[in-house]
Amino acid sequence: MNPRPPGLPKLALVMVGLPARGKTFVARKLQRYLSWLGYRTLWVNVGDYRRARAGARQPASYFAPDNASTAEQRRGFAMAALDDLLTWFAQGGEVGIYDATNTERSRREALRTRLHAAGVDVLFVETICDDDSIVAANVRRNKLRFPDYAGVLPEDAFWDFVARIAQYERTYVPVADDEGSYVKLVDAGVKVVTHRVQGYLPARLAFFLMQIRPQERPIWLSRHGVSEFNDLGRIGGDPPLTERGREYAQALARVVREQPVAPVVLTSTLQRTMQTAEPLGLPYQPLRLLDEIDSGVCDGMTYEEIKSAMPDEYAARSADKFRYRYPRGESYSDVIQRLEPVIVELERQRDPVLVIAHQAVLRALYGYLMGRPQDECPHLAIPLETLIQLTPTEYGYDETRLALMA
Ligand code: F6P
């Protein structure tokens with residue numbers, strides 16, 4: 001489904017900021033969020049154009065603003081990335097993310113002029129951090145693994161990157177009010193400044209940007225233990241856990257107790273998820289937003305019963321499981337729309353989070369966290385009796401699946 005209200009203009013999110021300020025982290029989060037909501041989204045990274053065309057291994061002097069030969073080359077890479085973005089917009093793209101330093105006002109003006117001429121609105125997203133210790137930690141954590149430093153001693157790579165940043169600092173001018181709309185994220189989002197953020201999508205993105213932080217805490221996902229309906233092959237309803245379901249809840253509690261930090265626990269309002277949370281001995285927050293996909297008139301039936309009583313409905317769902325909406329119920333696309341506040345909550349939380357929910361809902365959440373295309377969601381494997389542990393990496397999550405009843 002495309003959630004764009006009619007007449008919504010195309011939008012370019014133009015990143016701004018010195019190297020190692022988290023631009024790509026933010027850009028990738030925006031990309032994942034927008035794609036998950038159904039926008040046709042493209043992320044272009046000018047650094048990738050440079051690495052592909054000039055080679056990854058360039059010394060800090062390559063980035064000097066007064067190095068005439070390389071400055072021209074770098075401008076060419078920036079424009080090549082912009083050309084590709086404009087071509088994609090012309091072919092129906094909706095939100096483009098242009099990821100580069102864009103620290104010079106003249107560069108931003110050139111981008112804005114060409115994007116506006118193509119009928120694309122611009123929102124600058126600037127990341128600012130003046131805390132040297134945070135920047136140094138970011139360089140050590142993320143940049144030294146770049147192809148730019150393959151085979152280079154970590155300490156040499158570190159100081160080269162510091163020198164690269166200094167080259168950019170020479171001409172860096174933060175975005176000014178007369179440059180149009182912007183969101184500035186200061187010190188990893190501790191302070192957020194917005195200017196002329198207008199319209200449905202920019203406003204929504206500004207709110208999302210206020211929540212995101214560099215994350216070092218894990219997210220765990222689990223379906224409830226086996227319920228009486230699972231045993232009978234029936235969908236929906238509000239059945240209790242079976243004996244085996246309660247054993248799973250105990251097994252889950254044992255694993256969670258072994259963790260160094262107790263998680264924030266979110267469940268649905270259906271008794272099977274709350275019964276699964278009970279043995280944890282932790283407070284939990286039941287959210288209606290996490291209730292299972294509403295199967296409407298099919299609630300409580302088996303798939304076989306649906307097939308014989310409502311063959312057209314069954315066939316329609318098999319043909320397009322993502323868009324199919326149960327009569328008087330929901331589609332996967334509806335589930336994604338309703339889960340958006342949960343995504344914002346997951347981004348906002350600083351502590352580990354355990355979500356105990358249901359198959360369709362967890363498919364949608366997992367799809368967002370792992371950056372999977374929207375229409376793959378209904379087919380993702382989220383088995384019962386399995387704890388999915390997602391550990392943050394530079395721009396996403398590593399995944400471990402623990403089968404707790406094997
Ligand atoms: O069968 C368990 C269940 O959670 C049902 O309540 C729900 O309708 C179903 O899974 C969702 O899975 P699918 O979209 O594959 O039917």
# chains A, B, ... in the order shown; residues from 1 in each chain; ligands from 1

$ residues_around --residues "Leu30 in chain A" --least-positions-apart "5" --cutoff "10 Å" --atoms "only C-alpha atoms" --output "list in words"
Leu13, Thr24, Phe25, Ser35, Trp36, Thr41, Trp43, Val95, Ile97, Leu205, Phe208, Leu209 and Ile212 of chain A

$ write_last_selection --atoms "all heavy atoms" --output "compact mmCIF listing (two decimals), in the first residue's frame"
# COMPACT_ATOMS: atom_id res chain seq x y z
N LEU A 13 15.84 14.18 1.30
CA LEU A 13 16.44 14.43 2.61
C LEU A 13 17.94 14.55 2.37
O LEU A 13 18.59 13.57 1.99
CB LEU A 13 16.13 13.26 3.55
CG LEU A 13 14.63 12.98 3.71
CD1 LEU A 13 14.39 11.70 4.51
CD2 LEU A 13 13.95 14.16 4.38
N THR A 24 25.29 8.63 8.25
CA THR A 24 24.84 7.41 7.58
C THR A 24 23.94 6.59 8.51
O THR A 24 22.95 6.01 8.06
CB THR A 24 26.04 6.59 7.09
OG1 THR A 24 26.74 7.41 6.15
CG2 THR A 24 25.61 5.30 6.41
N PHE A 25 24.24 6.60 9.79
CA PHE A 25 23.37 5.92 10.76
C PHE A 25 21.95 6.48 10.67
O PHE A 25 20.97 5.74 10.57
CB PHE A 25 23.97 6.13 12.16
CG PHE A 25 23.11 5.61 13.27
CD1 PHE A 25 23.13 4.26 13.62
CD2 PHE A 25 22.26 6.45 13.97
CE1 PHE A 25 22.32 3.78 14.64
CE2 PHE A 25 21.45 5.99 14.99
CZ PHE A 25 21.49 4.65 15.32
N SER A 35 10.71 3.10 3.93
CA SER A 35 10.38 1.93 3.10
C SER A 35 9.33 1.08 3.79
O SER A 35 8.41 0.56 3.16
CB SER A 35 11.59 1.03 2.85
OG SER A 35 12.65 1.76 2.42
N TRP A 36 9.49 0.92 5.09
CA TRP A 36 8.55 0.11 5.86
C TRP A 36 7.15 0.71 5.80
O TRP A 36 6.15 0.00 5.75
CB TRP A 36 9.06 0.03 7.29
CG TRP A 36 8.31 -0.88 8.20
CD1 TRP A 36 8.33 -2.24 8.23
CD2 TRP A 36 7.44 -0.49 9.26
NE1 TRP A 36 7.54 -2.70 9.23
CE2 TRP A 36 6.98 -1.66 9.88
CE3 TRP A 36 7.02 0.76 9.75
CZ2 TRP A 36 6.12 -1.63 10.97
CZ3 TRP A 36 6.15 0.78 10.82
CH2 TRP A 36 5.71 -0.40 11.42
N THR A 41 11.63 4.61 -1.70
CA THR A 41 12.74 5.34 -1.06
C THR A 41 14.08 4.89 -1.64
O THR A 41 14.28 3.70 -1.89
CB THR A 41 12.72 5.04 0.46
OG1 THR A 41 11.41 5.28 0.95
CG2 THR A 41 13.70 5.88 1.23
N TRP A 43 18.40 5.53 -1.08
CA TRP A 43 19.52 6.15 -0.34
C TRP A 43 20.72 6.15 -1.26
O TRP A 43 21.07 5.10 -1.81
CB TRP A 43 19.77 5.30 0.92
CG TRP A 43 21.06 5.57 1.63
CD1 TRP A 43 21.40 6.67 2.37
CD2 TRP A 43 22.20 4.69 1.71
NE1 TRP A 43 22.66 6.53 2.89
CE2 TRP A 43 23.16 5.33 2.50
CE3 TRP A 43 22.49 3.44 1.19
CZ2 TRP A 43 24.41 4.75 2.79
CZ3 TRP A 43 23.72 2.87 1.47
CH2 TRP A 43 24.66 3.52 2.26
N VAL A 95 10.83 9.41 -2.00
CA VAL A 95 11.69 10.08 -1.02
C VAL A 95 13.14 9.62 -1.24
O VAL A 95 13.45 8.43 -1.13
CB VAL A 95 11.28 9.74 0.44
CG1 VAL A 95 12.06 10.62 1.41
CG2 VAL A 95 9.79 9.96 0.64
N ILE A 97 17.22 9.93 -0.27
CA ILE A 97 18.10 10.34 0.83
C ILE A 97 19.50 10.51 0.24
O ILE A 97 20.07 9.57 -0.32
CB ILE A 97 18.10 9.28 1.95
CG1 ILE A 97 16.66 9.06 2.43
CG2 ILE A 97 19.00 9.72 3.10
CD1 ILE A 97 16.48 7.86 3.31
N LEU A 205 8.62 12.99 9.82
CA LEU A 205 10.04 12.61 9.87
C LEU A 205 10.76 13.36 10.99
O LEU A 205 11.63 12.80 11.65
CB LEU A 205 10.71 12.88 8.53
CG LEU A 205 10.25 11.97 7.39
CD1 LEU A 205 10.87 12.40 6.07
CD2 LEU A 205 10.60 10.51 7.69
N PHE A 208 10.08 11.55 14.09
CA PHE A 208 10.87 10.30 14.13
C PHE A 208 12.33 10.62 14.48
O PHE A 208 12.94 9.95 15.32
CB PHE A 208 10.77 9.62 12.76
CG PHE A 208 11.58 8.34 12.65
CD1 PHE A 208 11.16 7.19 13.29
CD2 PHE A 208 12.75 8.30 11.91
CE1 PHE A 208 11.89 6.01 13.19
CE2 PHE A 208 13.49 7.13 11.81
CZ PHE A 208 13.05 5.99 12.46
N LEU A 209 12.87 11.67 13.85
CA LEU A 209 14.27 12.02 14.10
C LEU A 209 14.51 12.41 15.56
O LEU A 209 15.60 12.23 16.09
CB LEU A 209 14.68 13.18 13.18
CG LEU A 209 14.91 12.80 11.71
CD1 LEU A 209 14.97 14.04 10.82
CD2 LEU A 209 16.19 11.98 11.55
N ILE A 212 15.32 8.99 17.57
CA ILE A 212 16.41 8.03 17.33
C ILE A 212 17.69 8.43 18.05
O ILE A 212 18.00 9.60 18.19
CB ILE A 212 16.67 7.79 15.83
CG1 ILE A 212 17.06 9.08 15.13
CG2 ILE A 212 15.47 7.18 15.15
CD1 ILE A 212 17.45 8.86 13.68

$ residues_near_ligand --ligand "ligand 1" --cutoff "6 Å" --atoms "only C-alpha atoms and all ligand atoms" --output "list in words"
Asn230, Ile235, Gly236, Ile293, Ser295, His358, Gln359, Ala360 and Pro378 of chain A

$ atom_distance --atom1 "CA of Thr276 in chain A" --atom2 "CA of Arg372 in chain A"
27.3 Å

$ select_by_dssp --residues "range 24-73 of chain A" --states "alpha helix (DSSP H)" --output "short mmCIF file (atom, residue, chain, number, x, y, z; two decimals) with N, CA and C atoms, in the first residue's frame"
data_model
loop_
_atom_site.label_atom_id
_atom_site.label_comp_id
_atom_site.auth_asym_id
_atom_site.auth_seq_id
_atom_site.Cartn_x
_atom_site.Cartn_y
_atom_site.Cartn_z
N THR A 24 25.29 8.63 8.25
CA THR A 24 24.84 7.41 7.58
C THR A 24 23.94 6.59 8.51
N PHE A 25 24.24 6.60 9.79
CA PHE A 25 23.37 5.92 10.76
C PHE A 25 21.95 6.48 10.67
N VAL A 26 21.86 7.81 10.67
CA VAL A 26 20.54 8.46 10.61
C VAL A 26 19.89 8.21 9.25
N ALA A 27 20.70 8.31 8.17
CA ALA A 27 20.15 8.13 6.81
C ALA A 27 19.58 6.73 6.65
N ARG A 28 20.29 5.74 7.16
CA ARG A 28 19.80 4.36 7.02
C ARG A 28 18.53 4.12 7.83
N LYS A 29 18.48 4.75 9.00
CA LYS A 29 17.25 4.63 9.81
C LYS A 29 16.07 5.24 9.07
N LEU A 30 16.30 6.41 8.47
CA LEU A 30 15.22 7.07 7.72
C LEU A 30 14.79 6.19 6.56
N GLN A 31 15.76 5.60 5.89
CA GLN A 31 15.44 4.76 4.74
C GLN A 31 14.57 3.57 5.17
N ARG A 32 14.96 2.94 6.25
CA ARG A 32 14.23 1.75 6.72
C ARG A 32 12.80 2.12 7.14
N TYR A 33 12.70 3.23 7.85
CA TYR A 33 11.39 3.69 8.33
C TYR A 33 10.48 4.02 7.15
N LEU A 34 11.00 4.77 6.19
CA LEU A 34 10.18 5.19 5.05
C LEU A 34 9.78 4.00 4.19
N SER A 35 10.71 3.10 3.93
CA SER A 35 10.38 1.93 3.10
C SER A 35 9.33 1.08 3.79
N TRP A 36 9.49 0.92 5.09
CA TRP A 36 8.55 0.11 5.86
C TRP A 36 7.15 0.71 5.80
N VAL A 46 27.45 9.44 -1.42
CA VAL A 46 28.46 9.97 -2.34
C VAL A 46 29.82 9.30 -2.08
N GLY A 47 30.08 8.92 -0.84
CA GLY A 47 31.33 8.21 -0.53
C GLY A 47 31.47 6.93 -1.35
N ASP A 48 30.34 6.27 -1.58
CA ASP A 48 30.39 5.03 -2.38
C ASP A 48 30.77 5.34 -3.83
N TYR A 49 30.30 6.49 -4.34
CA TYR A 49 30.66 6.89 -5.72
C TYR A 49 32.16 7.16 -5.78
N ARG A 50 32.68 7.85 -4.76
CA ARG A 50 34.12 8.14 -4.75
C ARG A 50 34.93 6.86 -4.68
N ARG A 51 34.53 5.96 -3.77
CA ARG A 51 35.30 4.71 -3.64
C ARG A 51 35.28 3.92 -4.94
N ALA A 52 34.11 3.90 -5.61
CA ALA A 52 33.99 3.12 -6.85
C ALA A 52 34.79 3.76 -7.99
N ARG A 53 34.83 5.09 -8.02
CA ARG A 53 35.41 5.75 -9.21
C ARG A 53 36.84 6.21 -9.01
N ALA A 54 37.21 6.56 -7.76
CA ALA A 54 38.58 7.06 -7.56
C ALA A 54 39.41 6.08 -6.73
N ALA A 68 42.91 21.61 -5.86
CA ALA A 68 42.06 21.93 -7.01
C ALA A 68 41.67 20.69 -7.81
N SER A 69 42.61 19.78 -8.03
CA SER A 69 42.28 18.64 -8.90
C SER A 69 41.27 17.71 -8.22
N THR A 70 41.48 17.43 -6.93
CA THR A 70 40.56 16.48 -6.30
C THR A 70 39.22 17.14 -5.97
N ALA A 71 39.25 18.46 -5.72
CA ALA A 71 37.98 19.14 -5.40
C ALA A 71 37.03 19.02 -6.59
N GLU A 72 37.58 19.18 -7.79
CA GLU A 72 36.75 19.08 -8.99
C GLU A 72 36.22 17.65 -9.15
N GLN A 73 37.11 16.70 -8.89
CA GLN A 73 36.70 15.28 -9.00
C GLN A 73 35.58 14.98 -8.00
#

$ closest_atom_pairs --of "range 11-87 of chain A" --to "range 125-128 of chain A" --cutoff "9 Å" --atoms "only C-alpha atoms" --output "Markdown table"
| residue | atom | partner | partner_atom | distance |
| --- | --- | --- | --- | --- |
| A:Leu13 | CA | A:Val125 | CA | 6.5 |
| A:Val14 | CA | A:Val125 | CA | 6.0 |
| A:Met15 | CA | A:Val125 | CA | 4.8 |
| A:Val16 | CA | A:Glu126 | CA | 4.4 |
| A:Gly17 | CA | A:Thr127 | CA | 5.3 |
| A:Leu18 | CA | A:Ile128 | CA | 7.6 |
| A:Arg21 | CA | A:Thr127 | CA | 5.9 |
| A:Gly22 | CA | A:Thr127 | CA | 6.8 |
| A:Lys23 | CA | A:Thr127 | CA | 6.3 |
| A:Val26 | CA | A:Thr127 | CA | 8.6 |
| A:Ala27 | CA | A:Val125 | CA | 8.8 |
